[in-house]
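Pasting coords-v7.txt here (compact mmCIF, C-alpha atoms):
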# COMPACT_ATOMS: atom_id res chain seq x y z
CA MET A 49 -19.24 28.25 -47.25
CA ALA A 50 -18.38 29.70 -43.84
CA HIS A 51 -17.00 27.46 -41.15
CA PRO A 52 -18.63 27.46 -37.70
CA GLN A 53 -15.28 28.64 -36.33
CA ASP A 54 -15.49 31.78 -38.45
CA LYS A 55 -18.97 32.61 -37.17
CA LEU A 56 -17.88 32.36 -33.55
CA GLY A 57 -14.60 34.17 -34.13
CA VAL A 58 -12.47 31.42 -32.60
CA THR A 59 -10.22 28.70 -33.95
CA ALA A 60 -9.76 25.13 -32.84
CA ALA A 61 -6.09 25.92 -32.20
CA SER A 62 -6.99 28.37 -29.44
CA PHE A 63 -8.60 25.54 -27.44
CA ALA A 64 -5.88 22.94 -27.98
CA PRO A 65 -3.13 24.37 -25.72
CA ALA A 66 -5.53 24.87 -22.82
CA ALA A 67 -6.73 21.28 -23.06
CA VAL A 68 -3.17 19.94 -23.20
CA VAL A 69 -2.07 22.00 -20.20
CA THR A 70 -5.08 21.21 -18.00
CA ALA A 71 -5.31 17.46 -18.54
CA PRO A 72 -1.99 16.30 -17.01
CA GLY A 73 -1.95 18.73 -14.07
CA GLY A 74 -5.67 18.84 -13.39
CA GLY A 75 -7.79 15.84 -12.46
CA GLY A 76 -5.15 13.29 -13.44
CA ALA A 77 -2.89 13.85 -10.43
CA GLU A 78 -5.80 13.93 -7.99
CA ALA A 79 -7.23 10.71 -9.41
CA GLU A 80 -3.84 8.99 -9.03
CA ALA A 81 -3.53 10.13 -5.41
CA ALA A 82 -7.01 8.79 -4.60
CA VAL A 83 -6.13 5.42 -6.13
CA GLU A 84 -2.85 5.23 -4.20
CA GLU A 85 -4.60 5.81 -0.88
CA LYS A 86 -6.92 2.88 -1.48
CA THR A 87 -4.25 0.46 -2.70
CA GLU A 88 -1.55 0.89 -0.06
CA PHE A 89 -1.91 -0.81 3.30
CA ASP A 90 0.22 -1.30 6.38
CA VAL A 91 0.43 -4.66 8.13
CA VAL A 92 0.71 -4.22 11.90
CA ILE A 93 1.65 -7.02 14.30
CA ASP A 94 -0.45 -6.26 17.37
CA ASP A 95 0.52 -9.11 19.65
CA VAL A 96 2.45 -12.38 19.68
CA PRO A 97 1.60 -14.83 22.48
CA SER A 98 4.70 -16.33 24.08
CA ASN A 99 3.81 -19.81 22.79
CA ALA A 100 3.71 -18.48 19.19
CA ARG A 101 6.97 -16.49 19.17
CA ILE A 102 9.13 -19.04 17.32
CA ALA A 103 6.50 -19.71 14.66
CA THR A 104 5.93 -15.97 14.20
CA ILE A 105 9.66 -15.30 13.85
CA LYS A 106 9.81 -18.02 11.18
CA ALA A 107 6.84 -16.44 9.36
CA VAL A 108 8.44 -12.97 9.56
CA ARG A 109 11.68 -14.34 8.12
CA ALA A 110 9.78 -16.14 5.34
CA LEU A 111 7.97 -12.93 4.39
CA THR A 112 11.04 -10.67 4.57
CA SER A 113 14.78 -10.85 4.11
CA LEU A 114 15.37 -10.19 7.82
CA ALA A 115 17.97 -12.14 9.74
CA LEU A 116 16.99 -14.04 12.88
CA LYS A 117 18.04 -11.22 15.24
CA GLU A 118 16.09 -8.55 13.31
CA ALA A 119 13.00 -10.76 13.05
CA LYS A 120 13.12 -11.40 16.80
CA GLU A 121 13.49 -7.65 17.52
CA LEU A 122 10.56 -6.90 15.20
CA ILE A 123 8.11 -8.94 17.29
CA GLU A 124 9.20 -7.31 20.56
CA GLY A 125 7.64 -4.07 21.80
CA LEU A 126 4.37 -4.51 19.93
CA PRO A 127 2.29 -3.21 18.23
CA LYS A 128 4.71 -2.57 15.40
CA LYS A 129 4.38 -2.03 11.64
CA PHE A 130 5.54 -5.10 9.80
CA LYS A 131 5.03 -3.97 6.21
CA GLU A 132 4.18 -0.50 4.92
CA GLY A 133 2.58 0.66 1.69
CA VAL A 134 1.84 -2.78 0.26
CA SER A 135 -1.03 -3.95 -1.93
CA ARG A 136 -4.17 -5.41 -0.37
CA ASP A 137 -3.27 -8.89 -1.67
CA GLU A 138 0.22 -8.73 -0.18
CA ALA A 139 -1.17 -7.40 3.12
CA GLU A 140 -3.82 -10.14 3.29
CA ASP A 141 -1.23 -12.81 2.47
CA ALA A 142 1.15 -11.57 5.18
CA LYS A 143 -1.70 -11.34 7.69
CA LYS A 144 -2.81 -14.90 6.89
CA GLN A 145 0.69 -16.34 7.32
CA LEU A 146 1.34 -14.44 10.56
CA GLU A 147 -2.03 -15.40 12.03
CA GLU A 148 -1.42 -19.05 11.14
CA ALA A 149 1.78 -18.74 13.18
CA GLY A 150 -0.29 -17.42 16.10
CA ALA A 151 0.25 -13.64 15.90
CA LYS A 152 -2.54 -11.09 16.18
CA VAL A 153 -2.33 -8.89 13.06
CA SER A 154 -4.28 -5.93 11.67
CA ILE A 155 -4.27 -4.18 8.31
CA VAL A 156 -4.52 -0.38 8.31

Let me see the file written as structure tokens.
Amino acid sequence: MAHPQDKLGVTAASFAPAAVVTAPGGGGAEAEAAVEEKTEFDVVIDDVPSNARIATIKAVRALTSLALKEAKELIEGLPKKFKEGVSRDEAEDAKKQLEEAGAKVSIV
């Protein structure tokens, strides 16, 4: 009984290395890059009204490990990136806390 491989003059082994080489370098890397773009967000503090500065500084310090001086400097000279490359949940949580303190925040 002749195998289909014999009729076609090819072996399964001749296909295996090509499949192994193409899979990791091919679509896999592109798919990962597309996922990363959609899952990383930057939280930007656009504005902090003068009456909300202290509350915003407290919120910044609660969300980061910044000291008082660094947190104060962060909310000066706005708009400024607050967090970079974070998940949507983390970005939304930071935005919520900063807006509750009175800051105007956007997620990009």

Legend entry - Sel. within 12 Å of pt (-0.3, 2.3, 4.0), counting only C-alpha atoms, output as a PyMOL selection string: chain A and resi 84-92+129-136+138-139+154-156

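For the pair CA of Glu121 in chain A and CA of Asp94 in chain A, the separation is 14.0 Å.
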
Inset, instruction - For Ile123 in chain A, list every protein, DNA or RNA residue within 10 Å, evaluated using only C-alpha atoms, and leave out those in the same chain fewer than 6 positions away; present the list as a PyMOL selection string. - result: chain A and resi 93-96+101+104-105+108+129-130+151

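In this model, the gap between CA of Lys152 in chain A and CA of Pro97 in chain A comes to 8.4 Å.
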
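If you measure from each of A:Ala103, A:Arg109, A:Asp137, A:Pro127 to Ala149 in chain A using all atoms listed in the file, the closest one turns out to be A:Ala103.
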
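CA of Glu140 in chain A is found 21.8 Å from CA of Glu124 in chain A.
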
Legend entry - Nearest to Leu146 in chain A by atom-to-atom distance, counting only C-alpha atoms, from A:Glu118, A:Lys106, A:Ser113, A:Leu126: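 The shortest atom-to-atom distance to Leu146 in chain A comes from A:Lys106.
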
Legend entry - From A:Leu122, A:Ala100, A:Leu114, A:Val153, residue lying nearest Asp141 in chain A [only C-alpha atoms]: A:Val153
